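J.: Below is a structure I'd like to ask you about.
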Amino acid sequence: MNYLQTLVLKNDNLESFHNTWNMVLSELSTVPDPEMLQYWCFRQLHNFKPMAEDIARFRTAKYNGSPDHSFEWFWGSLMEVP
């Protein structure tokens with residue numbers, strides 16, 4: 001899990017980030033809590049400009065109590081970035 005905490009998005013290479021994230025998760029004997037996954041992933045991507053609208057929606061969802069404030073929603077929106 002330490003590697004997930006230190007994983008960094010380099011040169012806006014989202015595909016590399018995604019692949020590394022999935023590889024690390026596949027090697028763990030226990031999947032971390034979704035809230036921790038959400039925190040680690042968001043911490044790396046919160047300034048990623050191609051996701052600016054999704055990030056704003058995610059942040060707003062936290063205060064509205066919307067289901068969009070979840071790791072599943074955030075990861076899904078990440079997969080839709082061209």
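Identifiers in the structure tokens: chain A, B, ... in order shown; residue index from 1 per chain; ligand index from 1 in order shown.
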Write out as a ChimeraX atom specification the set of residues from chain A that DSSP, computed on the backbone, places in alpha helix (DSSP H).
T.: /A:2-6,14-27,34-45,52-64,71-79
J.: Neighbouring residues of segment 27-29 of chain A were defined as those with any atom within 12 Å, considering only C-alpha atoms; residues of the same chain fewer than 4 positions away were excluded. Please report them as number ranges by chain.
T.: A: 1-4, 20-23
J.: Show me, as a list in words, the residues that have an atom within 12 Å of Leu78 of chain A when counting only C-alpha atoms, minus same-chain residues fewer than 3 positions from it.
T.: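 Non-adjacent residues within range: Leu14, Glu15, Phe17, His18, Gln38, Cys41, Phe42, Gln44, Leu45, His46, Phe48, Lys49, Pro50, Met51, Ala52, Glu53, Asp54, Ile55, Phe58, Phe71, Glu72, Trp73, Phe74, Trp75, Val81 and Pro82 of chain A.
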J.: Smallest atom-to-atom distance to Pro32 of chain A: which of A:Lys10, A:Thr60, A:Gln5, A:His69, using only C-alpha atoms?
T.: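 So, comparing all the options, the nearest one is A:Gln5.
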